[in-house]
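Worksheet for the structure shown next.
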Amino acid sequence: MKYRLSKKEQKTGIRIIASLIAFVAVFTIDKCIDLASSVGGKLGWLLPFFLYLAIYATIGYDVIFRAVRNIAHGQIFDENFLMVVATVGAFALAIFRGATGQKIEGFDEACAVLLFYQIGEFFQRYATGKSRKSISSLMDIRPDVAHVLRDGETVDVYPDEVQVGETIIVNPGEKIPLDGICVLGDTSVDLKALTGESLPCAVAEGGNVISGSVNLTDRIQVLVQKEFHDSTVSKILELVENASDKKSKAENFITKFARYYTPTVVLCALLLAIIPGAITNNWSAWIYRALSFLVVSCPCALVISIPLSFFAGLGAASRDGILIKGSNYLEKLSKANIFVFDKTGTLTKGDFAVSGVFPAERREEALRLAAICEQGLSHPIAVSITKRYIEDYGDEIPDGYAIKNESGLGVIATLGDEIILTGNQKLMSAHGVQTQEYSGAGTAVYVAKNGEYVGQIVIEDELKQSSPALIAELNGMGCRTVMLTGDSELTAQKVAQSVGISEYRASLLPQDKVNAVEQMLAAKSKHDELCFVGDGINDAPVLMRSDIGIAMGGVGSDAAIEASDIVLMQDDLMGIPAAKRLAKRTMGIVTQNIAFSLAVKAAILVLSALGITNMWIAVFGDVGVAILAILNAMRVGMTKHKKDKSDPKTD
Amino acid sequence: MKKVFKLADLDCANCAAKMQNAIEKIDGVKSVTISFMTQRMTLEADDDSFESIVAKAQKAIKKIEPDCTIVR
């Protein structure tokens, strides 16, 4: 990311360099030959005075101008004003010493303070501007233009001017501006901007395309389905842009702190000048110490670096396809220690698969007979059985049977005098078939032929591959993991065991899930944060109720984006520990910055009060800390995840 | 009514916090957040006097950072 200096910044830069050269020149000459005594006489101090004053005016005229203007606006505790007071004060002290015939010192200091202040401000602005731009560009998935077909011609318009039902053309390499259906052409699209994962995904004619994704290979025509403000890209942008509005406790603390910090320091400076000054009657020494106070009276380091750290955290997360709706959630996530999962669709794939056929020696027969009954049906259990048969035995499923669907019981297939029954226990007993009761986890489907029991097929929801690794990682972080499910006790226990989850609540109806979470919320201590992970489709109330709601696989699901606090754009569970690590890292850096800035400021204040340091150190401390804190904040965004290594596109 | 405005030439983070404080005190403002990072102000205020509140907010902003303007 190239960041160009603006005209104004270039001018300031030149001014700073010129003043710095002039200052070094005058300072060196003064130190070598002592300008005041080279002129000699009572008014010898006027020569260095005027030289330094010229430099002071060159470097600081804008600060002085702003100070005066802000005073007129009633802004007393303005950093410009305080800087001017500190430096003009130093000048005045030096004039006082010169006029009273003492050895003069302080002109150089006043100039240097303002000079370094300007240099510091310059770098601070530069670093903030650069980082803000580079983070914003990570989040920028806004399409600029849509080529819309109107009256047989292609017109370039802003995406928000396109109506539903119009057709747009998307060339290879362009962002798809609006959600719609591909009506002409086959291509592949890259969802990287939305999911963080670079994975080309084929789209054929009639397929859906999502705004914000990039068209990779071929020119396509898209029939627009949603207006821009309803499209996926708008929803995501809105979320990301509003994220920094929801401020974390740390940010609110800083804002509050800043409000009291400056007046307090200024008040201390006043007291420091007056009380010991009056007691010791050594006014110039104490006023000088008080002036150093004013130099560190701006809370800039904190005020910039803390929000910047959070901003960088949010930016880094969204680069990886993790959308966090506010800094407050990032803060909470770093502390989250209770993770509650919905089972179906979150820990498991949400589609069913055959997990066993009993007795094993009649497996082929049982599956074939069941497949005959179930082929062509859309019920997930039916689909899983026919799929298992075709995958394992490859044959065409015999057809020609008359299929009768007994609702709630199963299916009966007849061909000639052959009758096949596939269904539950009730169907079997209704036809007088003796079966062996199944007592394991999952759902059993019984198969019988001509009144004779053949076997049972057990169907289970398949675990996601990453589920056990996810739970292991969370448990390793010291988190409590809980699974909620509507399944029976037995099934729940088996799933919990195989993913390694420590607690589960079984046989829950959807409304029971809310109650279960409410109970856990009531039982947890004040420092615990409860995080609920669901697919966002039928668990919206739970997502909203918990401290942090995380929805999985958010692309294209408005409901999930609405209800949750954090959205994982890819359906990848490992995004959760990744987000938690990032949150911890961000909070670590935030804490470092707060502690470091406060410690340095406090040290400078104490040392200046004791007269150990001087204004030089104070100004270095002030702007130096700010720059270091900004650089530290930028480390948040530099986290490299494993995923990124395979990503050739670097900035 | 809630509206998001861009702020042009918002140069100082501390000023952003001060502006937020000042605007919060304007009559009719329900909530306001100024984000220095995104250079945006989210203002929620009474519907009927919204325009005049925005004008007042602009005034408050000018007082703190004279170069900074609300982009409308």
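So you can find residues: chains in the structure tokens are A, B, ... in the order shown, residues in each start at 1, and ligands are numbered from 1 in order.
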Near chain B, meaning an atom within 10 Å, which residues of chain A appear when counting only C-alpha atoms? Write them as a PyMOL selection string.
chain A and resi 66+69-75+78-79+121+124-125+128-129+131-133+135-136+241-247+252+254-256+258-259+298-305+307-308+310-312
Take the residues from that selection and put them in a file with N, CA and C atoms, as a compact mmCIF listing (two decimals), in the first residue's frame.
```txt
# COMPACT_ATOMS: atom_id res chain seq x y z
N ARG A 66 -2.69 28.26 15.74
CA ARG A 66 -3.78 27.40 16.21
C ARG A 66 -4.09 27.63 17.68
N ARG A 69 -6.08 30.80 18.01
CA ARG A 69 -7.43 30.60 17.50
C ARG A 69 -8.27 29.77 18.46
N ASN A 70 -7.66 28.73 19.00
CA ASN A 70 -8.42 27.87 19.90
C ASN A 70 -8.73 28.53 21.23
N ILE A 71 -7.84 29.38 21.67
CA ILE A 71 -8.12 30.14 22.89
C ILE A 71 -9.36 31.00 22.66
N ALA A 72 -9.41 31.60 21.47
CA ALA A 72 -10.57 32.43 21.13
C ALA A 72 -11.85 31.60 21.16
N HIS A 73 -11.70 30.30 20.87
CA HIS A 73 -12.86 29.42 20.90
C HIS A 73 -13.11 28.83 22.29
N GLY A 74 -12.29 29.23 23.23
CA GLY A 74 -12.49 28.75 24.60
C GLY A 74 -11.90 27.38 24.87
N GLN A 75 -10.99 26.94 23.99
CA GLN A 75 -10.35 25.64 24.21
C GLN A 75 -9.03 25.85 24.95
N ASP A 78 -5.87 22.85 25.13
CA ASP A 78 -5.58 22.43 23.77
C ASP A 78 -4.08 22.19 23.70
N GLU A 79 -3.68 21.11 23.02
CA GLU A 79 -2.26 20.76 23.07
C GLU A 79 -1.37 21.84 22.43
N GLU A 121 4.74 15.08 15.72
CA GLU A 121 3.39 15.20 15.17
C GLU A 121 3.36 14.73 13.72
N GLN A 124 3.64 11.07 13.55
CA GLN A 124 2.43 10.50 14.11
C GLN A 124 1.31 10.53 13.07
N ARG A 125 1.18 11.70 12.42
CA ARG A 125 0.15 11.84 11.39
C ARG A 125 0.41 10.88 10.24
N THR A 128 -0.27 7.26 11.36
CA THR A 128 -1.71 7.01 11.52
C THR A 128 -2.39 6.96 10.17
N GLY A 129 -2.06 7.95 9.34
CA GLY A 129 -2.69 8.02 8.02
C GLY A 129 -2.39 6.77 7.22
N SER A 131 -1.43 3.77 8.29
CA SER A 131 -2.02 2.54 8.80
C SER A 131 -3.52 2.54 8.60
N ARG A 132 -4.13 3.73 8.76
CA ARG A 132 -5.58 3.79 8.57
C ARG A 132 -5.94 3.42 7.15
N LYS A 133 -5.15 3.94 6.21
CA LYS A 133 -5.41 3.64 4.80
C LYS A 133 -5.24 2.16 4.50
N ILE A 135 -5.33 -0.40 6.51
CA ILE A 135 -6.35 -1.25 7.13
C ILE A 135 -7.67 -1.09 6.38
N SER A 136 -8.01 0.16 6.07
CA SER A 136 -9.27 0.38 5.36
C SER A 136 -9.29 -0.34 4.03
N GLU A 241 -17.95 -1.11 8.63
CA GLU A 241 -17.76 0.32 8.86
C GLU A 241 -18.32 0.77 10.20
N ASN A 242 -19.36 0.10 10.64
CA ASN A 242 -19.93 0.48 11.93
C ASN A 242 -19.16 -0.10 13.10
N ALA A 243 -18.24 -1.03 12.77
CA ALA A 243 -17.58 -1.77 13.86
C ALA A 243 -16.85 -0.85 14.82
N SER A 244 -16.22 0.21 14.30
CA SER A 244 -15.44 1.03 15.23
C SER A 244 -16.32 1.98 16.03
N ASP A 245 -17.63 1.97 15.76
CA ASP A 245 -18.54 2.78 16.57
C ASP A 245 -18.84 2.13 17.91
N LYS A 246 -18.80 0.80 17.90
CA LYS A 246 -19.08 0.10 19.16
C LYS A 246 -17.78 0.02 19.92
N LYS A 247 -17.62 0.92 20.86
CA LYS A 247 -16.30 1.04 21.46
C LYS A 247 -16.12 0.10 22.65
N ASN A 252 -13.22 3.41 25.92
CA ASN A 252 -14.00 4.34 26.73
C ASN A 252 -13.19 4.84 27.91
N ILE A 254 -9.98 5.23 27.95
CA ILE A 254 -9.01 6.20 27.45
C ILE A 254 -9.66 7.56 27.21
N THR A 255 -10.85 7.52 26.60
CA THR A 255 -11.54 8.78 26.31
C THR A 255 -11.81 9.53 27.61
N LYS A 256 -12.26 8.78 28.61
CA LYS A 256 -12.55 9.39 29.91
C LYS A 256 -11.27 9.92 30.54
N ALA A 258 -8.53 10.77 29.09
CA ALA A 258 -7.98 11.94 28.39
C ALA A 258 -8.67 13.21 28.84
N ARG A 259 -9.97 13.09 29.16
CA ARG A 259 -10.73 14.27 29.54
C ARG A 259 -10.20 14.88 30.84
N CYS A 298 -0.32 16.25 26.86
CA CYS A 298 -1.24 15.73 25.85
C CYS A 298 -1.30 14.20 25.93
N PRO A 299 -2.50 13.64 26.02
CA PRO A 299 -2.62 12.18 26.10
C PRO A 299 -2.59 11.51 24.73
N CYS A 300 -1.94 12.17 23.76
CA CYS A 300 -2.00 11.71 22.36
C CYS A 300 -1.65 10.23 22.17
N ALA A 301 -0.57 9.80 22.83
CA ALA A 301 -0.11 8.44 22.60
C ALA A 301 -1.24 7.45 22.83
N LEU A 302 -1.99 7.66 23.90
CA LEU A 302 -3.08 6.75 24.23
C LEU A 302 -4.26 6.94 23.31
N VAL A 303 -4.61 8.19 23.10
CA VAL A 303 -5.83 8.48 22.36
C VAL A 303 -5.75 7.96 20.93
N ILE A 304 -4.55 7.95 20.37
CA ILE A 304 -4.43 7.44 19.00
C ILE A 304 -4.20 5.94 18.99
N SER A 305 -3.29 5.48 19.84
CA SER A 305 -2.84 4.10 19.66
C SER A 305 -3.88 3.07 20.08
N PRO A 307 -7.44 3.12 19.95
CA PRO A 307 -8.39 2.82 18.87
C PRO A 307 -7.70 2.22 17.65
N LEU A 308 -6.48 2.66 17.39
CA LEU A 308 -5.76 2.13 16.23
C LEU A 308 -5.48 0.64 16.40
N PHE A 310 -7.30 -1.52 18.06
CA PHE A 310 -8.56 -2.23 17.83
C PHE A 310 -8.90 -2.24 16.35
N PHE A 311 -8.70 -1.10 15.72
CA PHE A 311 -9.00 -0.98 14.30
C PHE A 311 -8.17 -1.98 13.50
N ALA A 312 -6.89 -2.08 13.87
CA ALA A 312 -6.01 -3.02 13.18
C ALA A 312 -6.48 -4.45 13.43
```
Residues flagged strand (DSSP E) by DSSP in stretch 379-414 of chain A, as number ranges by chain:
A: 402-406, 410-414
Written file, previous selection with C-alpha atoms, as a compact mmCIF listing (two decimals), in the first residue's frame:
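So the final result, stored in selection_3.txt, reads:
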```
# COMPACT_ATOMS: atom_id res chain seq x y z
CA ALA A 402 -44.46 -49.13 -6.91
CA ILE A 403 -43.50 -46.81 -4.04
CA LYS A 404 -45.90 -45.96 -1.26
CA ASN A 405 -44.87 -43.37 1.29
CA GLU A 406 -46.34 -44.00 4.75
CA GLY A 410 -41.47 -45.23 6.23
CA VAL A 411 -41.80 -46.47 2.69
CA ILE A 412 -43.30 -49.59 1.15
CA ALA A 413 -42.13 -50.74 -2.29
CA THR A 414 -43.92 -53.43 -4.23
```
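Comparing the minimum interatomic distances between A:Gly549 and each of A:Arg581, A:Lys325, A:Arg368, A:Arg363, counting only C-alpha atoms, we find that A:Lys325 sits nearest.
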Could you pull out the alpha helix (DSSP H) residues of stretch 8-61 of chain B, going by DSSP on the backbone, and write them as a list in words?
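Taking stretch 8-61 of chain B and keeping alpha helix (DSSP H) gives Ala13, Asn14, Cys15, Ala16, Ala17, Lys18, Met19, Gln20, Asn21, Ala22, Ile23, Glu24, Phe50, Glu51, Ser52, Ile53, Val54, Ala55, Lys56, Ala57, Gln58, Lys59, Ala60 and Ile61 of chain B.
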Would you put the residues from that selection into a file with N, CA and C atoms, as a PDB file, in the first residue's frame?
```pdb
ATOM      1  N   ALA B  13      -6.849  12.667  16.998  1.00  0.00           N
ATOM      2  CA  ALA B  13      -7.700  11.697  17.662  1.00  0.00           C
ATOM      3  C   ALA B  13      -8.317  12.273  18.927  1.00  0.00           C
ATOM      4  N   ASN B  14      -7.523  13.065  19.631  1.00  0.00           N
ATOM      5  CA  ASN B  14      -8.028  13.662  20.860  1.00  0.00           C
ATOM      6  C   ASN B  14      -9.174  14.622  20.547  1.00  0.00           C
ATOM      7  N   CYS B  15      -9.015  15.353  19.403  1.00  0.00           N
ATOM      8  CA  CYS B  15     -10.076  16.282  19.013  1.00  0.00           C
ATOM      9  C   CYS B  15     -11.369  15.512  18.729  1.00  0.00           C
ATOM     10  N   ALA B  16     -11.231  14.338  18.107  1.00  0.00           N
ATOM     11  CA  ALA B  16     -12.421  13.545  17.781  1.00  0.00           C
ATOM     12  C   ALA B  16     -13.184  13.233  19.062  1.00  0.00           C
ATOM     13  N   ALA B  17     -12.445  12.873  20.103  1.00  0.00           N
ATOM     14  CA  ALA B  17     -13.083  12.572  21.384  1.00  0.00           C
ATOM     15  C   ALA B  17     -13.739  13.815  21.966  1.00  0.00           C
ATOM     16  N   LYS B  18     -13.047  14.954  21.833  1.00  0.00           N
ATOM     17  CA  LYS B  18     -13.614  16.206  22.357  1.00  0.00           C
ATOM     18  C   LYS B  18     -14.876  16.590  21.607  1.00  0.00           C
ATOM     19  N   MET B  19     -14.838  16.411  20.277  1.00  0.00           N
ATOM     20  CA  MET B  19     -16.024  16.737  19.469  1.00  0.00           C
ATOM     21  C   MET B  19     -17.201  15.888  19.911  1.00  0.00           C
ATOM     22  N   GLN B  20     -16.917  14.600  20.104  1.00  0.00           N
ATOM     23  CA  GLN B  20     -17.992  13.704  20.506  1.00  0.00           C
ATOM     24  C   GLN B  20     -18.635  14.182  21.805  1.00  0.00           C
ATOM     25  N   ASN B  21     -17.779  14.580  22.730  1.00  0.00           N
ATOM     26  CA  ASN B  21     -18.288  15.109  23.996  1.00  0.00           C
ATOM     27  C   ASN B  21     -19.164  16.328  23.804  1.00  0.00           C
ATOM     28  N   ALA B  22     -18.675  17.238  22.943  1.00  0.00           N
ATOM     29  CA  ALA B  22     -19.387  18.494  22.730  1.00  0.00           C
ATOM     30  C   ALA B  22     -20.734  18.235  22.058  1.00  0.00           C
ATOM     31  N   ILE B  23     -20.735  17.340  21.062  1.00  0.00           N
ATOM     32  CA  ILE B  23     -21.970  17.103  20.306  1.00  0.00           C
ATOM     33  C   ILE B  23     -23.000  16.378  21.172  1.00  0.00           C
ATOM     34  N   GLU B  24     -22.505  15.512  22.042  1.00  0.00           N
ATOM     35  CA  GLU B  24     -23.418  14.814  22.951  1.00  0.00           C
ATOM     36  C   GLU B  24     -24.268  15.787  23.767  1.00  0.00           C
ATOM     37  N   PHE B  50     -33.523  17.613  12.974  1.00  0.00           N
ATOM     38  CA  PHE B  50     -32.265  16.958  12.598  1.00  0.00           C
ATOM     39  C   PHE B  50     -31.288  17.899  11.895  1.00  0.00           C
ATOM     40  N   GLU B  51     -31.830  18.641  10.905  1.00  0.00           N
ATOM     41  CA  GLU B  51     -30.954  19.520  10.133  1.00  0.00           C
ATOM     42  C   GLU B  51     -30.267  20.565  11.012  1.00  0.00           C
ATOM     43  N   SER B  52     -31.057  21.144  11.930  1.00  0.00           N
ATOM     44  CA  SER B  52     -30.469  22.188  12.769  1.00  0.00           C
ATOM     45  C   SER B  52     -29.469  21.583  13.755  1.00  0.00           C
ATOM     46  N   ILE B  53     -29.705  20.340  14.148  1.00  0.00           N
ATOM     47  CA  ILE B  53     -28.746  19.680  15.037  1.00  0.00           C
ATOM     48  C   ILE B  53     -27.432  19.429  14.304  1.00  0.00           C
ATOM     49  N   VAL B  54     -27.535  19.012  13.042  1.00  0.00           N
ATOM     50  CA  VAL B  54     -26.317  18.806  12.258  1.00  0.00           C
ATOM     51  C   VAL B  54     -25.545  20.119  12.134  1.00  0.00           C
ATOM     52  N   ALA B  55     -26.294  21.207  11.925  1.00  0.00           N
ATOM     53  CA  ALA B  55     -25.640  22.516  11.820  1.00  0.00           C
ATOM     54  C   ALA B  55     -24.934  22.865  13.131  1.00  0.00           C
ATOM     55  N   LYS B  56     -25.592  22.582  14.242  1.00  0.00           N
ATOM     56  CA  LYS B  56     -24.978  22.847  15.544  1.00  0.00           C
ATOM     57  C   LYS B  56     -23.740  21.978  15.759  1.00  0.00           C
ATOM     58  N   ALA B  57     -23.865  20.734  15.301  1.00  0.00           N
ATOM     59  CA  ALA B  57     -22.733  19.818  15.439  1.00  0.00           C
ATOM     60  C   ALA B  57     -21.543  20.337  14.645  1.00  0.00           C
ATOM     61  N   GLN B  58     -21.838  20.841  13.432  1.00  0.00           N
ATOM     62  CA  GLN B  58     -20.771  21.400  12.601  1.00  0.00           C
ATOM     63  C   GLN B  58     -20.085  22.573  13.317  1.00  0.00           C
ATOM     64  N   LYS B  59     -20.892  23.365  13.977  1.00  0.00           N
ATOM     65  CA  LYS B  59     -20.353  24.508  14.725  1.00  0.00           C
ATOM     66  C   LYS B  59     -19.435  24.026  15.845  1.00  0.00           C
ATOM     67  N   ALA B  60     -19.905  23.013  16.568  1.00  0.00           N
ATOM     68  CA  ALA B  60     -19.121  22.479  17.680  1.00  0.00           C
ATOM     69  C   ALA B  60     -17.801  21.911  17.171  1.00  0.00           C
ATOM     70  N   ILE B  61     -17.863  21.266  16.002  1.00  0.00           N
ATOM     71  CA  ILE B  61     -16.656  20.683  15.420  1.00  0.00           C
ATOM     72  C   ILE B  61     -15.672  21.786  15.034  1.00  0.00           C
TER      73      ILE B  61
END
```
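Note that atom CA of A:Val295 and atom CA of A:Thr264 are 13.3 Å apart.
Reported to one decimal place, the separation of atom CA of A:Gly196 from atom CA of A:Ser134 is 16.3 Å.
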Find, counting only C-alpha atoms, the residue in A:Asn538, A:Ser6, A:Thr386, A:Asn450 that gets nearest to A:Gly432.
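Of all the options, A:Asn450 lies closest to A:Gly432.
The residue set within 9 Å of A:Lys249, counting only C-alpha atoms and dropping same-chain residues fewer than 5 places from it, reads Ile254, Ser327, Asn328 and Glu331 of chain A.
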Can you pull out every residue within 10 Å of A:Pro398, counting only C-alpha atoms, but drop anything in the same chain fewer than 2 positions away, and send it as an NGL selection string?
:A and (368-369 or 371-373 or 375 or 395-396 or 400-401)
Kindly export the residues of the current selection with N, CA and C atoms, as a JSON list (two decimals), in the first residue's frame.
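Output contents, as saved in part.json:
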```
[["chain", "number", "residue", "atom", "x", "y", "z"],
["A", 368, "ARG", "N", -29.42, -52.28, -0.43],
["A", 368, "ARG", "CA", -30.05, -52.30, -1.76],
["A", 368, "ARG", "C", -31.57, -52.17, -1.63],
["A", 369, "LEU", "N", -32.10, -52.95, -0.69],
["A", 369, "LEU", "CA", -33.55, -52.94, -0.52],
["A", 369, "LEU", "C", -34.02, -51.55, -0.05],
["A", 371, "ALA", "N", -32.47, -48.74, -0.55],
["A", 371, "ALA", "CA", -32.27, -47.78, -1.64],
["A", 371, "ALA", "C", -33.41, -47.85, -2.64],
["A", 372, "ILE", "N", -33.91, -49.09, -2.87],
["A", 372, "ILE", "CA", -35.06, -49.24, -3.78],
["A", 372, "ILE", "C", -36.22, -48.39, -3.29],
["A", 373, "CYS", "N", -36.45, -48.48, -1.97],
["A", 373, "CYS", "CA", -37.57, -47.73, -1.40],
["A", 373, "CYS", "C", -37.32, -46.22, -1.42],
["A", 375, "GLN", "N", -35.08, -44.29, -3.16],
["A", 375, "GLN", "CA", -34.51, -43.52, -4.27],
["A", 375, "GLN", "C", -35.51, -42.46, -4.74],
["A", 395, "ASP", "N", -23.76, -50.18, -8.24],
["A", 395, "ASP", "CA", -24.77, -50.61, -9.21],
["A", 395, "ASP", "C", -25.90, -49.61, -9.33],
["A", 396, "GLU", "N", -26.56, -49.72, -10.43],
["A", 396, "GLU", "CA", -27.81, -48.98, -10.57],
["A", 396, "GLU", "C", -28.79, -49.53, -9.55],
["A", 400, "GLY", "N", -38.66, -49.83, -11.02],
["A", 400, "GLY", "CA", -39.86, -50.48, -11.49],
["A", 400, "GLY", "C", -40.79, -50.82, -10.34],
["A", 401, "TYR", "N", -40.41, -50.48, -9.15],
["A", 401, "TYR", "CA", -41.24, -50.77, -7.99],
["A", 401, "TYR", "C", -42.32, -49.70, -7.81]]
```
